[in-house]
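Reviewing the structure listed below.
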There are 2 protein chains.
Amino acid sequence: MKIADITRQALLDHATDVFAESGFEGASVREITRRASVNQAAINYHFGGKESLYRDVLRLAVAALSDASLLDENTIDSVSRDEAVRLFIRQQVTPLLKHGQIGRYLRIFAWETLAPTPVYRDFIASERLPIMDQAEKIVRRFLPAGAAGEDITIATIWLTQQVTPFIRHYDTLSKPPLSLKIDKGFIEQLAADLGRMAVAALSVRSTLSPDITAQDSSLLPVHNSRNMQRSKT
Amino acid sequence: MKIADITRQALLDHATDVFAESGFEGASVREITRRASVNQAAINYHFGGKESLYRDVLRLAVAALSDASLLDENTIDSVSRDEAVRLFIRQQVTPLLKHGQIGRYLRIFAWETLAPTPVYRDFIASERLPIMDQAEKIVRRFLPAGAAGEDITIATIWLTQQVTPFIRHYDTLSKPPLSLKIDKGFIEQLAADLGRMAVAALSVRSTLSPDITAQDSSLLPVHNSRNMQRSKT
DNA sequence: ATAGGTTTTAAACGGCTCTTTGAATTTCAA
DNA sequence: TTGAAATTCAAAGAGCCGTTTAAAACCTAT
């Protein structure tokens with residue numbers, strides 16, 4: 001491996017760290033190059049600027065998330081819809097363990113959902129995020145066939161965002177006063193709990209779902225009521 | 001009203017905007033003072049610095065969220081647990097409408113959950129956020145009496161984070177290609193859907209909950225299984 | 001070994017950041 | 001009205017930002 005490739009790789013690696021910690025704007029090229037133990041001008045020489053470096057990190061992120069995916073085009077339809085949800089949740093929870101790997105990428109995307117950078121906008125405009133397609137595919141199996149596009153969008157966003165709070169609250173969980181140990185057992189349980197809750201939540205959106213509680217009669221079964229209840233503005 | 005109070009109020013108001021848009025670090029005193037049409041030094045004169053201004057904004061935020069709360073100590077226990085969840089969800093969804101009001105505060109807290117500022121850490125260390133207390137109180141009504149503290153924490157975080165994705169994705173929803181109209185009807189429906197899903201999700205955590213779906217036999221009722229399944233590390 | 005291209009380095013540039021300063025202005029009470 | 005206090009203002013200070021530059025060091029192939 002050429003020496004230039006080593007610094008290039010070091011830059012990508014530490015840039016991922018810093019971008020995950022502070023977001024694109026909050027990250028400084030000085031901090032990145034310092035951690036990578038390379039000269040400050042290295043980013044501009046190897047990548048052409050901070051933005052291009054970030055673009056490459058985003059590219060690696062989607063690639064890594066695709067590789068780590070438990071679901072592909074085939075399995076997503078060959079398993080039960082409940083199992084699909086559980087797999088979808090699990091593939092997002094497990095990165096909490098491997099801290100040096102995919103967890104950083106999820107944090108970068110968390111920054112982008114809060115305040116999208118122009119780089120990110122360009123990025124998703126060109127290549128779609130597979131995670132969104134997966135979520136939509138799964139959601140469609142729960143919603144009625146004639147569900148409105150808005151219903152699907154809302155449910156899709158909802159599903160994709162079920163795990164990210166725990167990515168974001170990683171520090172809250174692992175540090176005092178909670179000091180939870182984020183080990184394999186914890187991850188397993190978290191995946192199981194979240195999967196179960198997600199299945200239950202999506203099931204009430206389905207016309208097939210039974211009444212979910214006996215102690216609240218106002219919870220009538222829903223039949224794609226979205227459009228019926230809109231205000232007539 | 002004294003003139004000094006007018007600029008002070010203008011600073012607080014526009015600071016809330018900028019902090020909500022860009023977070024604490026991303027916000028600049030130049031931008032705030034420019035929007036407030038006051039001198040750049042005004043923040044330091046009236047508040048003593050950017051940090052103190054932010055502290056005051058946070059103070060106003062928790063106060064406003066408390067005022068806008070549909071739940072207080074009394075009602076949270078006087079209604080059914082399902083109704084409590086729905087009210088909790090609704091009180092967070094409605095700010096999506098009143099853009100100039102509470103929505104900004106929720107966005108500020110969204111920034112803080114992603115990367116807490118020292119100011120925020122100090123802040124919550126002194127006075128607890130009522131929303132967390134509410135969520136925990138509600139969650140406890142769903143979990144078994146002997147539930148582990150970790151289970152409660154996880155479920156509490158989960159409940160508080162059910163709405164924020166939609167606060168964050170406000171632009172995604174309202175702008176092309178979706179271009180959803182965020183009107184009263186939409187908010188009502190969103191609150192209803194999220195409320196129903198949240199109740200369903202929390203119900204499966206309860207020993208009282210019935211089986212929620214017939215097509216997946218692996219979904220057995222759960223009995224506070226968290227501790228039983230932990231790895232023996 | 002040497003020439004030629006690649007990579008690294010230190011320094012500087014221009015622009016933005018928050019804060020400080022001291023004078024000019026406005027406000028308000030005597 | 002006058003004088004002291006409160007407030008506003010323009011300017012400058014000190015520091016970090018991303019980027020550019022040109023010289024130095026390094027590799028590699030002849």
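Following the order of the structure tokens, first chain is A, next is B, and so on, with residues numbered from 1 inside each chain and ligands from 1 in the order they appear.
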After fit on chain B (all C-alpha, ordered pairs), chain A as a short mmCIF file (atom, residue, chain, number, x, y, z; two decimals) with C-alpha atoms, in the first residue's frame:
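Now in selection.cif:
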data_model
loop_
_atom_site.label_atom_id
_atom_site.label_comp_id
_atom_site.auth_asym_id
_atom_site.auth_seq_id
_atom_site.Cartn_x
_atom_site.Cartn_y
_atom_site.Cartn_z
CA MET A 1 -41.71 49.10 28.49
CA LYS A 2 -38.23 50.44 28.61
CA ILE A 3 -36.26 50.59 25.42
CA ALA A 4 -33.61 48.35 26.85
CA ASP A 5 -36.24 45.71 27.48
CA ILE A 6 -37.31 45.91 23.86
CA THR A 7 -33.88 45.05 22.52
CA ARG A 8 -33.55 42.44 25.25
CA GLN A 9 -36.79 40.85 24.15
CA ALA A 10 -35.85 41.06 20.48
CA LEU A 11 -32.58 39.34 21.26
CA LEU A 12 -34.30 36.51 23.12
CA ASP A 13 -36.82 36.06 20.33
CA HIS A 14 -34.41 35.96 17.42
CA ALA A 15 -31.87 34.00 19.43
CA THR A 16 -34.51 31.31 19.84
CA ASP A 17 -34.93 31.23 16.09
CA VAL A 18 -31.25 30.94 15.33
CA PHE A 19 -30.53 28.43 18.09
CA ALA A 20 -33.40 26.28 16.84
CA GLU A 21 -32.15 26.44 13.27
CA SER A 22 -28.45 25.91 13.82
CA GLY A 23 -27.92 24.73 17.38
CA PHE A 24 -25.82 26.52 19.95
CA GLU A 25 -22.46 26.15 18.24
CA GLY A 26 -23.82 26.82 14.80
CA ALA A 27 -25.55 30.01 15.87
CA SER A 28 -23.54 33.20 15.63
CA VAL A 29 -24.04 36.32 17.69
CA ARG A 30 -23.65 38.35 14.53
CA GLU A 31 -26.61 36.56 12.94
CA ILE A 32 -28.75 36.97 16.05
CA THR A 33 -28.02 40.66 16.48
CA ARG A 34 -28.49 41.24 12.76
CA ARG A 35 -31.98 39.72 12.82
CA ALA A 36 -32.84 41.59 16.00
CA SER A 37 -31.59 44.80 14.37
CA VAL A 38 -29.35 45.63 17.29
CA ASN A 39 -25.65 46.18 17.72
CA GLN A 40 -23.29 43.22 17.82
CA ALA A 41 -22.21 44.04 21.35
CA ALA A 42 -25.79 44.00 22.63
CA ILE A 43 -25.69 40.34 23.63
CA ASN A 44 -22.68 40.84 25.84
CA TYR A 45 -24.12 43.99 27.34
CA HIS A 46 -27.57 42.58 28.12
CA PHE A 47 -26.79 38.97 28.85
CA GLY A 48 -23.07 38.84 29.47
CA GLY A 49 -22.29 36.55 26.58
CA LYS A 50 -23.60 33.99 24.14
CA GLU A 51 -23.75 31.26 26.75
CA SER A 52 -25.82 33.27 29.20
CA LEU A 53 -28.21 34.21 26.44
CA TYR A 54 -28.60 30.54 25.57
CA ARG A 55 -29.20 29.69 29.21
CA ASP A 56 -32.04 32.20 29.31
CA VAL A 57 -33.54 30.77 26.14
CA LEU A 58 -33.44 27.31 27.70
CA ARG A 59 -35.15 28.67 30.78
CA LEU A 60 -37.93 30.15 28.67
CA ALA A 61 -38.17 26.88 26.77
CA VAL A 62 -38.90 24.68 29.76
CA ALA A 63 -41.28 27.30 31.14
CA ALA A 64 -43.19 27.44 27.86
CA LEU A 65 -43.31 23.67 27.54
CA SER A 66 -44.65 23.40 31.07
CA ASP A 67 -47.33 25.97 30.36
CA ALA A 68 -48.37 24.27 27.16
CA SER A 69 -48.56 20.92 28.85
CA LEU A 70 -51.84 19.08 28.70
CA LEU A 71 -50.77 16.98 31.64
CA ASP A 72 -50.13 18.00 35.19
CA GLU A 73 -49.59 16.04 38.35
CA ASN A 74 -53.31 15.50 38.75
CA THR A 75 -54.60 14.66 35.29
CA ILE A 76 -51.77 12.26 34.57
CA ASP A 77 -53.22 9.85 37.10
CA SER A 78 -56.89 10.65 36.78
CA VAL A 79 -57.20 9.49 33.18
CA SER A 80 -56.70 6.04 31.73
CA ARG A 81 -53.15 5.11 30.87
CA ASP A 82 -54.10 5.03 27.20
CA GLU A 83 -55.54 8.51 27.41
CA ALA A 84 -52.42 9.69 29.21
CA VAL A 85 -50.29 8.48 26.31
CA ARG A 86 -52.51 10.19 23.78
CA LEU A 87 -52.41 13.47 25.67
CA PHE A 88 -48.66 13.19 26.01
CA ILE A 89 -48.28 12.67 22.28
CA ARG A 90 -50.74 15.40 21.42
CA GLN A 91 -49.04 18.04 23.52
CA GLN A 92 -45.88 17.45 21.55
CA VAL A 93 -47.46 17.28 18.13
CA THR A 94 -49.49 20.47 18.33
CA PRO A 95 -46.40 22.73 18.45
CA LEU A 96 -45.83 21.74 14.83
CA LEU A 97 -48.63 24.13 13.99
CA LYS A 98 -47.60 27.20 15.95
CA HIS A 99 -44.31 27.58 14.26
CA GLY A 100 -43.29 30.78 15.95
CA GLN A 101 -43.84 29.38 19.37
CA ILE A 102 -43.04 26.07 20.93
CA GLY A 103 -41.79 24.25 17.87
CA ARG A 104 -38.55 26.20 18.11
CA TYR A 105 -38.01 25.01 21.65
CA LEU A 106 -38.46 21.38 20.69
CA ARG A 107 -35.89 21.81 17.95
CA ILE A 108 -33.43 23.26 20.43
CA PHE A 109 -33.86 20.20 22.60
CA ALA A 110 -33.41 18.02 19.54
CA TRP A 111 -29.99 19.60 19.02
CA GLU A 112 -29.15 18.97 22.63
CA THR A 113 -29.98 15.27 22.48
CA LEU A 114 -27.61 14.91 19.55
CA ALA A 115 -24.70 16.82 21.05
CA PRO A 116 -25.34 18.24 24.51
CA THR A 117 -23.70 21.58 25.24
CA PRO A 118 -22.08 22.22 28.63
CA VAL A 119 -24.73 24.86 29.19
CA TYR A 120 -27.45 22.27 28.74
CA ARG A 121 -25.72 19.76 30.99
CA ASP A 122 -25.57 22.29 33.77
CA PHE A 123 -29.14 23.19 33.11
CA ILE A 124 -30.71 19.75 33.42
CA ALA A 125 -28.43 18.99 36.33
CA SER A 126 -30.17 21.73 38.30
CA GLU A 127 -33.77 21.57 37.18
CA ARG A 128 -35.35 18.41 35.85
CA LEU A 129 -37.30 18.44 32.62
CA PRO A 130 -40.98 17.92 33.38
CA ILE A 131 -41.44 16.06 30.12
CA MET A 132 -39.13 13.31 31.31
CA ASP A 133 -41.01 12.94 34.57
CA GLN A 134 -44.31 12.79 32.72
CA ALA A 135 -43.05 10.14 30.34
CA GLU A 136 -41.65 8.02 33.13
CA LYS A 137 -44.86 8.28 35.09
CA ILE A 138 -46.86 7.13 32.10
CA VAL A 139 -44.48 4.34 31.22
CA ARG A 140 -44.67 2.95 34.74
CA ARG A 141 -48.38 2.39 34.28
CA PHE A 142 -47.64 0.06 31.39
CA LEU A 143 -44.65 -1.87 32.67
CA PRO A 144 -45.07 -4.55 35.34
CA ALA A 145 -44.66 -3.36 38.91
CA GLY A 146 -41.33 -5.09 39.33
CA ALA A 147 -39.85 -3.84 36.07
CA ALA A 148 -36.12 -3.22 36.04
CA GLY A 149 -34.89 0.35 36.05
CA GLU A 150 -33.28 -0.17 32.68
CA ASP A 151 -36.58 -1.27 31.17
CA ILE A 152 -38.24 1.85 32.46
CA THR A 153 -35.44 4.05 31.19
CA ILE A 154 -35.55 2.54 27.75
CA ALA A 155 -39.31 2.80 27.51
CA THR A 156 -39.19 6.38 28.81
CA ILE A 157 -36.64 7.46 26.24
CA TRP A 158 -38.66 5.67 23.61
CA LEU A 159 -41.86 7.51 24.53
CA THR A 160 -40.25 10.94 24.64
CA GLN A 161 -38.75 10.37 21.21
CA GLN A 162 -41.89 9.30 19.40
CA VAL A 163 -42.76 12.78 18.16
CA THR A 164 -39.37 14.43 17.71
CA PRO A 165 -38.64 12.66 14.42
CA PHE A 166 -41.50 14.60 12.91
CA ILE A 167 -40.23 17.83 14.43
CA ARG A 168 -36.91 17.06 12.80
CA HIS A 169 -38.44 15.99 9.51
CA TYR A 170 -40.68 19.01 9.29
CA ASP A 171 -38.90 20.17 6.16
CA THR A 172 -39.00 16.70 4.65
CA LEU A 173 -42.75 16.67 5.03
CA SER A 174 -43.62 20.21 4.04
CA LYS A 175 -41.26 20.66 1.12
CA PRO A 176 -41.11 18.91 -2.24
CA PRO A 177 -41.40 16.19 -3.26
CA LEU A 178 -43.93 15.45 -0.50
CA SER A 179 -45.20 19.01 0.04
CA LEU A 180 -47.63 17.99 2.75
CA LYS A 181 -49.74 20.78 4.13
CA ILE A 182 -49.11 20.91 7.86
CA ASP A 183 -52.55 22.12 8.81
CA LYS A 184 -54.84 21.39 11.70
CA GLY A 185 -56.27 18.31 10.04
CA PHE A 186 -52.85 16.86 9.44
CA ILE A 187 -51.78 17.51 13.01
CA GLU A 188 -54.94 15.93 14.35
CA GLN A 189 -54.40 12.84 12.28
CA LEU A 190 -50.73 12.63 13.15
CA ALA A 191 -51.52 12.91 16.85
CA ALA A 192 -54.19 10.25 16.53
CA ASP A 193 -51.97 7.86 14.59
CA LEU A 194 -48.95 8.29 16.80
CA GLY A 195 -51.06 8.07 19.94
CA ARG A 196 -52.65 4.86 18.78
CA MET A 197 -49.32 3.35 17.80
CA ALA A 198 -47.69 4.38 21.06
CA VAL A 199 -50.48 2.84 23.08
CA ALA A 200 -50.19 -0.37 21.12
CA ALA A 201 -46.42 -0.48 21.50
CA LEU A 202 -46.49 0.17 25.22
CA SER A 203 -49.28 -2.30 25.72
CA VAL A 204 -47.16 -5.21 24.60
CA ARG A 205 -44.76 -4.33 27.38
CA SER A 206 -47.53 -4.88 29.86
CA THR A 207 -48.29 -8.24 31.42
CA LEU A 208 -51.92 -7.40 30.88
CA SER A 209 -51.58 -7.14 27.14
CA PRO A 210 -53.06 -9.84 24.96
CA ASP A 211 -51.13 -11.46 22.15
CA ILE A 212 -51.03 -8.84 19.51
CA THR A 213 -50.88 -10.89 16.38
CA ALA A 214 -52.01 -14.31 15.38
CA GLN A 215 -49.65 -14.81 12.53
CA ASP A 216 -46.44 -14.91 14.49
CA SER A 217 -46.19 -17.48 17.22
CA SER A 218 -42.75 -16.40 18.32
CA LEU A 219 -44.30 -13.37 19.97
CA LEU A 220 -44.87 -14.83 23.35
CA PRO A 221 -46.11 -12.70 26.19
CA VAL A 222 -43.22 -11.16 28.04
CA HIS A 223 -42.69 -11.09 31.75
CA ASN A 224 -40.01 -8.55 32.41
CA SER A 225 -37.60 -10.81 30.65
CA ARG A 226 -34.83 -8.26 30.56
CA ASN A 227 -32.79 -9.71 33.36
CA MET A 228 -33.29 -13.34 32.48
CA GLN A 229 -31.81 -12.97 29.02
CA ARG A 230 -28.69 -11.04 29.86
CA SER A 231 -25.44 -12.52 28.74
CA LYS A 232 -23.29 -13.69 31.59
CA THR A 233 -20.34 -11.40 31.00
#
(request) Check every residue of chain C for an atom within 10 Å of chain B, counting only C-alpha atoms (C1' of nucleotides), and provide those that qualify as an NGL selection string. (result) :C and (16-20 or 26-27)
Could the residues in this selection be saved with all heavy atoms as a CSV table (one decimal), in the first residue's frame?
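Now in part-v5.csv:
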chain,number,residue,atom,x,y,z
C,16,DC,P,-16.9,36.6,5.6
C,16,DC,OP1,-17.9,36.1,4.7
C,16,DC,OP2,-16.7,38.0,5.8
C,16,DC,O5',-17.3,36.0,7.1
C,16,DC,C5',-17.6,34.7,7.3
C,16,DC,C4',-17.1,34.2,8.6
C,16,DC,O4',-15.7,34.5,8.8
C,16,DC,C3',-17.8,34.9,9.8
C,16,DC,O3',-18.9,34.1,10.2
C,16,DC,C2',-16.7,34.8,10.9
C,16,DC,C1',-15.4,34.4,10.1
C,16,DC,N1,-14.3,35.4,10.5
C,16,DC,C2,-13.5,35.1,11.5
C,16,DC,O2,-13.6,34.0,12.1
C,16,DC,N3,-12.4,35.9,11.8
C,16,DC,C4,-12.3,37.1,11.1
C,16,DC,N4,-11.3,37.9,11.4
C,16,DC,C5,-13.2,37.4,10.0
C,16,DC,C6,-14.2,36.5,9.7
C,17,DT,P,-19.8,34.7,11.5
C,17,DT,OP1,-21.1,33.8,11.4
C,17,DT,OP2,-19.9,36.1,11.3
C,17,DT,O5',-19.0,34.3,12.8
C,17,DT,C5',-18.8,33.0,13.1
C,17,DT,C4',-18.0,32.8,14.4
C,17,DT,O4',-16.6,33.3,14.1
C,17,DT,C3',-18.4,33.7,15.6
C,17,DT,O3',-19.4,33.1,16.3
C,17,DT,C2',-17.1,33.8,16.4
C,17,DT,C1',-16.0,33.8,15.3
C,17,DT,N1,-15.5,35.2,15.0
C,17,DT,C2,-14.5,35.7,15.7
C,17,DT,O2,-14.0,35.1,16.7
C,17,DT,N3,-14.1,36.9,15.3
C,17,DT,C4,-14.6,37.7,14.2
C,17,DT,O4,-14.1,38.8,13.9
C,17,DT,C5,-15.6,37.1,13.5
C,17,DT,C7,-16.3,37.8,12.4
C,17,DT,C6,-16.1,35.8,13.9
C,18,DC,P,-20.4,34.0,17.2
C,18,DC,OP1,-21.5,33.1,17.7
C,18,DC,OP2,-20.7,35.2,16.5
C,18,DC,O5',-19.5,34.3,18.5
C,18,DC,C5',-19.0,33.3,19.3
C,18,DC,C4',-18.1,33.9,20.4
C,18,DC,O4',-17.1,34.7,19.8
C,18,DC,C3',-18.8,34.9,21.4
C,18,DC,O3',-18.5,34.6,22.7
C,18,DC,C2',-18.4,36.3,20.9
C,18,DC,C1',-17.0,36.0,20.3
C,18,DC,N1,-16.7,36.9,19.2
C,18,DC,C2,-15.5,37.7,19.3
C,18,DC,O2,-14.7,37.5,20.3
C,18,DC,N3,-15.2,38.5,18.3
C,18,DC,C4,-16.0,38.7,17.3
C,18,DC,N4,-15.7,39.6,16.3
C,18,DC,C5,-17.2,38.0,17.2
C,18,DC,C6,-17.5,37.1,18.2
C,19,DT,P,-19.1,35.5,23.9
C,19,DT,OP1,-19.2,34.6,25.1
C,19,DT,OP2,-20.4,36.1,23.4
C,19,DT,O5',-18.1,36.6,24.1
C,19,DT,C5',-16.7,36.3,24.3
C,19,DT,C4',-15.8,37.5,24.3
C,19,DT,O4',-15.8,38.1,23.0
C,19,DT,C3',-16.3,38.6,25.3
C,19,DT,O3',-15.3,38.8,26.3
C,19,DT,C2',-16.5,39.9,24.4
C,19,DT,C1',-15.7,39.5,23.1
C,19,DT,N1,-16.2,40.2,21.9
C,19,DT,C2,-15.4,41.1,21.2
C,19,DT,O2,-14.3,41.4,21.6
C,19,DT,N3,-16.0,41.6,20.1
C,19,DT,C4,-17.2,41.3,19.6
C,19,DT,O4,-17.7,41.9,18.6
C,19,DT,C5,-18.0,40.4,20.3
C,19,DT,C7,-19.4,40.0,19.8
C,19,DT,C6,-17.5,39.8,21.4
C,20,DT,P,-15.6,39.9,27.5
C,20,DT,OP1,-15.0,39.3,28.7
C,20,DT,OP2,-17.0,40.2,27.5
C,20,DT,O5',-14.8,41.1,27.0
C,20,DT,C5',-13.5,41.0,26.4
C,20,DT,C4',-12.9,42.3,25.9
C,20,DT,O4',-13.5,42.7,24.7
C,20,DT,C3',-13.2,43.5,26.9
C,20,DT,O3',-12.0,44.1,27.1
C,20,DT,C2',-14.2,44.3,26.1
C,20,DT,C1',-13.9,44.0,24.7
C,20,DT,N1,-15.0,44.2,23.7
C,20,DT,C2,-14.9,44.9,22.6
C,20,DT,O2,-13.9,45.5,22.3
C,20,DT,N3,-16.0,45.0,21.8
C,20,DT,C4,-17.2,44.3,22.0
C,20,DT,O4,-18.1,44.4,21.2
C,20,DT,C5,-17.3,43.5,23.2
C,20,DT,C7,-18.5,42.8,23.5
C,20,DT,C6,-16.2,43.5,24.0
C,26,DT,P,-29.7,60.3,20.1
C,26,DT,OP1,-30.5,60.0,18.9
C,26,DT,OP2,-29.4,61.6,20.5
C,26,DT,O5',-30.4,59.5,21.4
C,26,DT,C5',-30.4,58.1,21.4
C,26,DT,C4',-30.8,57.6,22.8
C,26,DT,O4',-29.8,57.9,23.7
C,26,DT,C3',-32.1,58.2,23.3
C,26,DT,O3',-33.0,57.2,23.7
C,26,DT,C2',-31.7,59.0,24.5
C,26,DT,C1',-30.4,58.3,24.9
C,26,DT,N1,-29.4,59.1,25.7
C,26,DT,C2,-29.1,58.7,27.0
C,26,DT,O2,-29.6,57.7,27.5
C,26,DT,N3,-28.2,59.5,27.6
C,26,DT,C4,-27.5,60.6,27.1
C,26,DT,O4,-26.7,61.2,27.8
C,26,DT,C5,-27.9,60.9,25.8
C,26,DT,C7,-27.3,62.1,25.1
C,26,DT,C6,-28.8,60.2,25.1
C,27,DT,P,-34.6,57.5,24.0
C,27,DT,OP1,-35.4,56.5,23.4
C,27,DT,OP2,-34.8,59.0,23.7
C,27,DT,O5',-34.6,57.3,25.6
C,27,DT,C5',-34.1,56.1,26.1
C,27,DT,C4',-33.9,56.3,27.6
C,27,DT,O4',-32.8,57.1,27.9
C,27,DT,C3',-35.1,56.8,28.4
C,27,DT,O3',-35.6,55.9,29.3
C,27,DT,C2',-34.6,58.1,29.0
C,27,DT,C1',-33.1,57.9,29.1
C,27,DT,N1,-32.3,59.1,29.1
C,27,DT,C2,-31.4,59.3,30.1
C,27,DT,O2,-31.3,58.6,31.1
C,27,DT,N3,-30.7,60.5,30.0
C,27,DT,C4,-30.7,61.4,29.0
C,27,DT,O4,-30.0,62.4,29.0
C,27,DT,C5,-31.6,61.1,27.9
C,27,DT,C7,-31.7,62.0,26.8
C,27,DT,C6,-32.4,60.0,28.0
(request) Tell me the residues of chain D close to chain B, meaning within 10 Å using only C-alpha atoms (C1' of nucleotides), as JSON, numbers by chain. (result) {"D": [6, 7, 8, 9, 10]}
(request) Please identify which residues in range 119-166 of chain A DSSP calls helix (DSSP H, G or I) from the backbone, and express them as a PyMOL selection string. (result) chain A and resi 119-126+130-140+149-160+164-166
